[in-house]
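Here's the structure we're looking at; comments come further down.
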Amino acid sequence: MSGETYRDPWGIPHLRAGSVLELAFMQGRNAAIDRAWQIEVERHRFEGTSAAVFGAEAMSWDKFARQVRLAGTARGCFSALRQETKTWFAAYVDGVNSGLQAGARNAPQFAVVGLRPGEWQPWTPLGIWLSTHILLAGFPNKLWRGEVARALGSEAIGSFAMGGRGVAGSNGWLLVGDRTLLGKPILAGDPHRVIEDPGVYQQIRLSCAEFDVVGFAVPGVPGVPHFGHTGRVAWSITHAMADCQDVYRERLRRRGSAVEALGPDGWEPADVHVETVTVAGGEPVEVEVVETARGPLVVGGPDDTEALSLRYPPRVCGDLGFDALLPLMRASCVAEVDAALDKWVDPVNVVLAADSAGDVLYRVAGRVPVRARKNQLHPVPAWEEGHAWQGWYQPMPRETVESVAVMANHAGLAMPLGVDFAPAYRADRIRHLLGERKWSAADMASIHMDTYAGAAAPLLRLLRDVTGLSAEAVDLRDRLLNWDRRMQADSTDATEYARVRAAVVRRLAEHPALAPLAEPAPYPDIFLPWLFLTPRVAAGLDNLLADEAPLGMDRTELLRAALEDVAAGPGTVPWGTLHKLSPWTALPQARDALPWPDLSGDSECVLSTTRIQDIDGHLTRGPAARYVWDLADRQNSLWIVPLGASGVPGPHHHDQLPLWERGELVPVITDWGRLRKET
């Protein structure tokens with residue numbers, strides 16, 4: 001059978017082939033046709049050649065990509081794959097290379113920047129995966145905690161929440177068959193990331209003699225890694241918030257052309273070489289790449305008083321876990337999903353799975369090092385004993401599911417593995433909404449779109465006792481105390497709550513005690529989003545306000561001043577007026593040229609939509625996909641992405657956006673007769 005491509009009414013590709021390798025070729029070619037611009041941008045990012053396309057503004061990322069050795073790590077991980085997986089990757093890359101020229105002709109961005117498609121290597125997909133996830137585990141949080149300890153003392157670290165650049169927000173839940181109307185399990189959820197245009201997740205179907213899976217692919221990477229449904233078994237994940245990366249303070253010295261690093265046993269040789277980064281419109285830049293026995297340097301160098309190195313599992317063990325993917329897609333039951341995921345490495349995920357026989361799975365998959373507690377908190381001295389890795393944490397945590405299981409980046413199943421977890425507000429709210437009733441797949445959107453601000457309760461309780469207010473501030477306080485706590489786009493009370501919260505945060509952040517943290521430390525630009533003081537204070541607000549005298553301030557006076565600030569401020573506007581979608585795109589002018597919708601939700605809601613501070617301004621973090629996997633009948637399943645199935649301007653570029661905004665889902669169509677075949 002020759003390969004065939006079908007499309008549903010939303011332009012979602014359904015690929016059918018006779019063999020696994022033919023299907024891999026088709027998936028690669030489809031990525032090149034539908035997402036040529038997106039995957040070429042990602043290739044340049046992992047290779048550290050973005051500045052050759054986008055100029056000096058991309059230099060900070062390129063320097064990091066070179067220093068952290070993304071390309072070399074990808075090649076090493078590819079070499080360690082089983083031969084079957086290597087051949088599968090090679091077929092996918094052959095498909096990409098066969099379609100890139102045609103894909104580039106359909107994508108106007110290539111002409112805008114004068115970019116020509118390049119040649120992919122068999123390890124390029126692994127490099128894209130690495131560059132997409134290297135910051136997801138949040139090692140820059142350790143830079144922040146190190147700065148807090150330096151400026152305020154290590155005892156102050158606990159005053160700030162540790163979520164970093166909004167890595168929390170994803171949701172997932174599983175109901176066993178007894179809790180569903182059709183008597184079979186249902187999986188649902190919504191991974192949260194910075195919303196990108198084109199989207200980071202691609203709806204796709206991959207069908208051959210060995211498997212038939214629908215799910216979300218990452219363009220540029222073969223298979224369906226994280227969210228899939230074969231008809232007999234389905235799986236989904238959220239980020240486990242596990243701590244699996246360490247930062248070491250390094251002391252270095254030069255010896256002629258060589259570099260040495262001070263380790264626990266004295267001075268030892270470091271690997272060093274120089275790479276040249278081409279910069280569009282500018283002079284080439286030389287980057288010295290240094291790797292110690294701990295890992296590659298990501299801050300500083302041999303001529304600095306101190307530098308920082310990063311130790312991360314794929315670099316250490318030469319494995320990302322992609323030998324798990326073919327067995328995962330071939331799985332026909334939960335036990336086979338479980339066995340496949342034993343091979344998974346990075347990133348570390350909480351996994352839910354269920355099959356049509358009614359079996360379910362709730363576990364963590366990935367690789368987490370065993371080491372001293374201090375390693376998890378902040379940078380540690382490379383020259384001291386006691387900071388080496390001592391193998392891998394095992395067995396990975398798992399639990400039996402009696403009725404429902406919920407994953408929301410909180411300190412639940414993965415608690416032994418990390419430091420930074422999301423508060424339990426979202427997880428608790430999902431459990432509350434699920435209640436004791438029985439559910440259908442079609443009912444799940446109501447949970448995806450829930451806007452109840454669970455985390456508002458502590459602040460509102462404190463506001464209740466504030467006295468000595470002006471008449472305007474009393475009116476504001478009373479309105480907030482009677483507010484339904486829904487962060488709806490058309491709600492003015494939601495705006496006032498957000499303004500009061502922001503006023504409290506602003507006054508705390510301006511306190512002289514935090515002045516040493518007001519200006520980010522002189523780290524590379526890509527780490528700055530983790531080091532901005534105001535978002536960090538906002539993330540730690542519950543911790544700070546638990547103290548009657550936060551930072552030595554009178555808490556009641558602080559809240560009184562915040563209420564008065566807002567009461568005397570600008571007129572009330574609907575929440576969505578301030579809370580708009582703002583996707584990331586490699587060409588920002590393309591984002592700014594389009595009208596984007598008002599958004600409901602907030603970081604405290606199940607509908608977690610957050611405006612995050614970036615070095616370029618503000619972007620939106622939110623549900624990068626939504627799914628409902630029904631194990632009674634796959635055609636009851638539903639899905640949606642924020643924009644559309646295609647990265648090419650045209651009818652399917654943004655056609656799912658209005659539905660995504662309203663919380664609607666589109667059906668998963670698996671009847672080939674209902675699909676349109678491409679010639």
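Ligands are numbered from 1 in the order shown, chains are lettered A, B, ... in the order of the structure tokens, and residues start at 1 in each chain.
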
Taking the DSSP secondary structure from the backbone, can you list the residues of range 337-520 of chain A that are helix (DSSP H, G or I), as a PyMOL selection string? chain A and resi 337-341+373-377+415-417+425-434+441-448+456-464+471-482+492-509+512-518

What's the 8 Å shell around range 485-496 of chain A, counting only C-alpha atoms, without same-chain residues fewer than 6 positions away, as a VMD selection string? chain A and resid 451 to 454 456 476 479 566 572 to 577 579 598 to 602 605

Within 8 Å of Pro13 in chain A, counting only C-alpha atoms, which residues qualify if same-chain residues fewer than 3 places away don't, as a PyMOL selection string? chain A and resi 5-8+30+203-205

Filtering to N, CA, C and O atoms, could you give me those residues as a compact mmCIF listing (two decimals), in the first residue's frame?
```txt
# COMPACT_ATOMS: atom_id res chain seq x y z
N THR A 5 -2.58 10.58 2.38
CA THR A 5 -2.85 11.67 3.30
C THR A 5 -4.29 12.08 3.18
O THR A 5 -4.79 12.32 2.07
N TYR A 6 -4.98 12.14 4.31
CA TYR A 6 -6.36 12.58 4.37
C TYR A 6 -6.42 13.81 5.28
O TYR A 6 -5.54 14.04 6.10
N ARG A 7 -7.48 14.58 5.13
CA ARG A 7 -7.71 15.74 6.00
C ARG A 7 -9.15 15.71 6.49
O ARG A 7 -10.07 15.33 5.75
N ASP A 8 -9.35 16.15 7.73
CA ASP A 8 -10.72 16.31 8.23
C ASP A 8 -11.16 17.75 7.95
O ASP A 8 -10.42 18.53 7.34
N ASN A 30 4.95 15.70 5.96
CA ASN A 30 3.82 16.53 6.35
C ASN A 30 4.27 17.70 7.23
O ASN A 30 3.81 18.83 7.06
N GLN A 203 -2.17 18.48 15.92
CA GLN A 203 -3.10 17.36 15.88
C GLN A 203 -2.77 16.48 14.68
O GLN A 203 -2.56 16.99 13.57
N ILE A 204 -2.73 15.18 14.89
CA ILE A 204 -2.33 14.29 13.80
C ILE A 204 -2.86 12.88 14.05
O ILE A 204 -3.14 12.50 15.20
N ARG A 205 -2.99 12.13 12.97
CA ARG A 205 -3.28 10.70 13.07
C ARG A 205 -2.22 9.96 12.28
O ARG A 205 -1.89 10.33 11.14
```

Spatial neighbours of range 538-551 of chain A, max dist 12 Å, only C-alpha atoms, sep filter under 5 positions, as a ChimeraX atom specification: /A:152,156-168,420-423,455-463,498,500-515,530,532-533,556-559,603-604,610,612-613

Just the residues within 12 Å of Arg179 in chain A, please, counting only C-alpha atoms, with nothing from its chain fewer than 4 positions along; format it as a PyMOL selection string. chain A and resi 174-175+183-187+358+401-405+434-441

Next, the residues of the selection above should be written as an mmCIF file, in the first residue's frame with N, CA and C atoms.
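out.cif, written as the output of this step:
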```
data_model
loop_
_atom_site.group_PDB
_atom_site.id
_atom_site.type_symbol
_atom_site.label_atom_id
_atom_site.label_comp_id
_atom_site.auth_asym_id
_atom_site.auth_seq_id
_atom_site.Cartn_x
_atom_site.Cartn_y
_atom_site.Cartn_z
ATOM 1 N N LEU A 174 -8.272 11.714 35.115
ATOM 2 C CA LEU A 174 -8.702 10.398 34.656
ATOM 3 C C LEU A 174 -9.885 9.953 35.499
ATOM 4 N N LEU A 175 -10.908 9.457 34.845
ATOM 5 C CA LEU A 175 -12.038 8.845 35.535
ATOM 6 C C LEU A 175 -12.090 7.369 35.153
ATOM 7 N N GLY A 183 -19.278 3.606 30.921
ATOM 8 C CA GLY A 183 -18.648 2.520 31.661
ATOM 9 C C GLY A 183 -17.201 2.242 31.321
ATOM 10 N N LYS A 184 -16.565 3.118 30.560
ATOM 11 C CA LYS A 184 -15.142 2.977 30.241
ATOM 12 C C LYS A 184 -14.414 4.250 30.671
ATOM 13 N N PRO A 185 -13.118 4.147 30.919
ATOM 14 C CA PRO A 185 -12.386 5.329 31.410
ATOM 15 C C PRO A 185 -12.380 6.487 30.408
ATOM 16 N N ILE A 186 -12.201 7.674 30.946
ATOM 17 C CA ILE A 186 -12.011 8.892 30.155
ATOM 18 C C ILE A 186 -10.777 9.612 30.688
ATOM 19 N N LEU A 187 -9.934 10.062 29.761
ATOM 20 C CA LEU A 187 -8.792 10.924 30.081
ATOM 21 C C LEU A 187 -9.058 12.303 29.479
ATOM 22 N N GLY A 358 -10.604 -1.250 30.838
ATOM 23 C CA GLY A 358 -10.880 -0.604 32.108
ATOM 24 C C GLY A 358 -9.682 -0.428 33.004
ATOM 25 N N VAL A 401 -5.379 3.924 41.203
ATOM 26 C CA VAL A 401 -6.504 4.841 41.010
ATOM 27 C C VAL A 401 -7.792 4.094 41.336
ATOM 28 N N GLU A 402 -8.515 4.582 42.342
ATOM 29 C CA GLU A 402 -9.772 3.951 42.726
ATOM 30 C C GLU A 402 -10.966 4.557 42.003
ATOM 31 N N SER A 403 -10.938 5.876 41.784
ATOM 32 C CA SER A 403 -12.081 6.557 41.183
ATOM 33 C C SER A 403 -11.622 7.601 40.173
ATOM 34 N N VAL A 404 -10.870 8.591 40.647
ATOM 35 C CA VAL A 404 -10.323 9.627 39.769
ATOM 36 C C VAL A 404 -8.868 9.859 40.129
ATOM 37 N N ALA A 405 -8.121 10.369 39.182
ATOM 38 C CA ALA A 405 -6.753 10.828 39.419
ATOM 39 C C ALA A 405 -6.609 12.184 38.759
ATOM 40 N N LEU A 434 -15.356 17.410 39.592
ATOM 41 C CA LEU A 434 -15.689 16.039 39.199
ATOM 42 C C LEU A 434 -16.708 15.423 40.147
ATOM 43 N N GLY A 435 -16.639 15.784 41.416
ATOM 44 C CA GLY A 435 -17.631 15.352 42.398
ATOM 45 C C GLY A 435 -17.837 13.852 42.394
ATOM 46 N N GLU A 436 -19.110 13.459 42.490
ATOM 47 C CA GLU A 436 -19.465 12.039 42.542
ATOM 48 C C GLU A 436 -20.290 11.599 41.346
ATOM 49 N N ARG A 437 -20.630 12.513 40.436
ATOM 50 C CA ARG A 437 -21.499 12.190 39.308
ATOM 51 C C ARG A 437 -20.755 11.372 38.255
ATOM 52 N N LYS A 438 -21.498 10.894 37.260
ATOM 53 C CA LYS A 438 -20.900 10.205 36.125
ATOM 54 C C LYS A 438 -20.807 11.170 34.947
ATOM 55 N N TRP A 439 -19.748 11.004 34.151
ATOM 56 C CA TRP A 439 -19.423 11.967 33.122
ATOM 57 C C TRP A 439 -19.395 11.326 31.738
ATOM 58 N N SER A 440 -19.660 12.155 30.732
ATOM 59 C CA SER A 440 -19.424 11.779 29.339
ATOM 60 C C SER A 440 -18.264 12.601 28.802
ATOM 61 N N ALA A 441 -17.742 12.188 27.657
ATOM 62 C CA ALA A 441 -16.650 12.944 27.049
ATOM 63 C C ALA A 441 -17.084 14.369 26.732
#
```

Could you name the residues that touch Trp389 in chain A at 10 Å or less, counting only C-alpha atoms, but leaving out those on the same chain fewer than 6 positions away, as number ranges by chain? A: 246, 294, 311, 368-372, 375

Export of prior selection with all heavy atoms as a CSV table (one decimal), in the first residue's frame:
```
chain,number,residue,atom,x,y,z
A,246,ASP,N,21.2,20.2,37.8
A,246,ASP,CA,22.0,20.9,38.9
A,246,ASP,C,22.9,22.0,38.3
A,246,ASP,O,23.4,21.9,37.2
A,246,ASP,CB,22.8,19.9,39.6
A,246,ASP,CG,22.0,19.1,40.7
A,246,ASP,OD1,20.8,19.5,40.9
A,246,ASP,OD2,22.6,18.2,41.3
A,294,ARG,N,31.5,18.4,35.7
A,294,ARG,CA,30.1,18.5,36.1
A,294,ARG,C,29.2,18.6,34.8
A,294,ARG,O,28.2,18.0,34.7
A,294,ARG,CB,29.9,19.7,37.0
A,294,ARG,CG,30.1,19.3,38.5
A,294,ARG,CD,31.5,19.0,38.9
A,294,ARG,NE,32.4,20.1,38.5
A,294,ARG,CZ,33.7,20.0,38.5
A,294,ARG,NH1,34.3,18.8,38.9
A,294,ARG,NH2,34.5,21.0,38.1
A,311,ARG,N,24.5,20.5,34.9
A,311,ARG,CA,24.5,19.1,34.7
A,311,ARG,C,23.0,18.6,34.5
A,311,ARG,O,22.2,18.9,35.3
A,311,ARG,CB,25.0,18.4,36.0
A,311,ARG,CG,25.3,16.9,35.9
A,311,ARG,CD,26.1,16.4,37.1
A,311,ARG,NE,26.4,15.0,37.0
A,311,ARG,CZ,27.4,14.5,36.3
A,311,ARG,NH1,28.2,15.3,35.6
A,311,ARG,NH2,27.6,13.2,36.3
A,368,VAL,N,15.5,11.0,37.3
A,368,VAL,CA,15.9,12.0,38.2
A,368,VAL,C,17.1,11.6,39.0
A,368,VAL,O,17.1,10.5,39.6
A,368,VAL,CB,14.7,12.3,39.2
A,368,VAL,CG1,15.1,13.3,40.2
A,368,VAL,CG2,13.5,12.7,38.4
A,369,PRO,N,18.1,12.4,39.1
A,369,PRO,CA,19.3,12.0,39.8
A,369,PRO,C,19.1,12.0,41.4
A,369,PRO,O,18.4,12.8,41.9
A,369,PRO,CB,20.4,13.0,39.4
A,369,PRO,CG,19.6,14.2,39.1
A,369,PRO,CD,18.3,13.7,38.5
A,370,VAL,N,19.9,11.1,42.0
A,370,VAL,CA,19.9,11.1,43.5
A,370,VAL,C,21.2,11.9,43.9
A,370,VAL,O,22.3,11.7,43.4
A,370,VAL,CB,20.0,9.7,44.0
A,370,VAL,CG1,20.2,9.7,45.5
A,370,VAL,CG2,18.8,8.9,43.6
A,371,ARG,N,21.0,12.9,44.8
A,371,ARG,CA,22.1,13.7,45.2
A,371,ARG,C,21.7,14.5,46.5
A,371,ARG,O,20.5,14.4,46.9
A,371,ARG,CB,22.6,14.7,44.2
A,371,ARG,CG,21.7,15.9,43.8
A,371,ARG,CD,20.6,15.5,42.9
A,371,ARG,NE,20.1,16.6,42.1
A,371,ARG,CZ,18.9,16.8,41.7
A,371,ARG,NH1,18.0,15.9,42.1
A,371,ARG,NH2,18.6,17.8,41.0
A,372,ALA,N,22.6,15.3,47.0
A,372,ALA,CA,22.3,16.1,48.2
A,372,ALA,C,21.2,17.1,48.0
A,372,ALA,O,21.0,17.6,46.9
A,372,ALA,CB,23.6,16.8,48.6
A,375,ASN,N,21.9,20.5,46.4
A,375,ASN,CA,21.9,20.6,45.0
A,375,ASN,C,20.6,21.1,44.4
A,375,ASN,O,20.5,21.7,43.4
A,375,ASN,CB,22.2,19.2,44.4
A,375,ASN,CG,23.7,18.8,44.6
A,375,ASN,OD1,24.2,19.0,45.7
A,375,ASN,ND2,24.3,18.2,43.6
```

Could you list, as a list in words, every residue within 7 Å of range 312-326 of chain A, counting only C-alpha atoms and ignoring same-chain residues fewer than 2 positions away? Thr73, Gly76, Cys77, Ala80, Leu81, Arg82, Thr85, Gly223, Pro225, Cys244, Gln245, Asp246, Leu310, Leu328, Met329, Arg330, Ala340, Leu341, Lys343, Trp344, Val345 and Asp346 of chain A

Kindly export the residues of the current selection with C-alpha atoms, as a CSV table (one decimal), in the first residue's frame.
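Result file result01.csv:
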```csv
chain,number,residue,atom,x,y,z
A,73,THR,CA,24.1,16.1,23.1
A,76,GLY,CA,25.2,11.5,21.4
A,77,CYS,CA,21.6,10.6,22.2
A,80,ALA,CA,22.7,5.5,21.7
A,81,LEU,CA,19.3,4.7,20.2
A,82,ARG,CA,18.4,1.2,19.3
A,85,THR,CA,14.6,3.7,16.4
A,223,GLY,CA,5.6,10.1,16.7
A,225,PRO,CA,5.1,11.4,22.5
A,244,CYS,CA,16.6,16.8,37.6
A,245,GLN,CA,19.2,19.6,36.7
A,246,ASP,CA,22.0,20.9,38.9
A,310,LEU,CA,24.8,22.8,34.2
A,328,LEU,CA,4.3,3.3,23.2
A,329,MET,CA,2.4,3.7,19.9
A,330,ARG,CA,2.2,-0.1,19.4
A,340,ALA,CA,7.3,1.5,27.3
A,341,LEU,CA,7.6,4.5,29.6
A,343,LYS,CA,12.6,3.8,29.0
A,344,TRP,CA,11.6,7.5,29.1
A,345,VAL,CA,14.2,10.0,30.3
A,346,ASP,CA,13.5,13.7,29.7
```
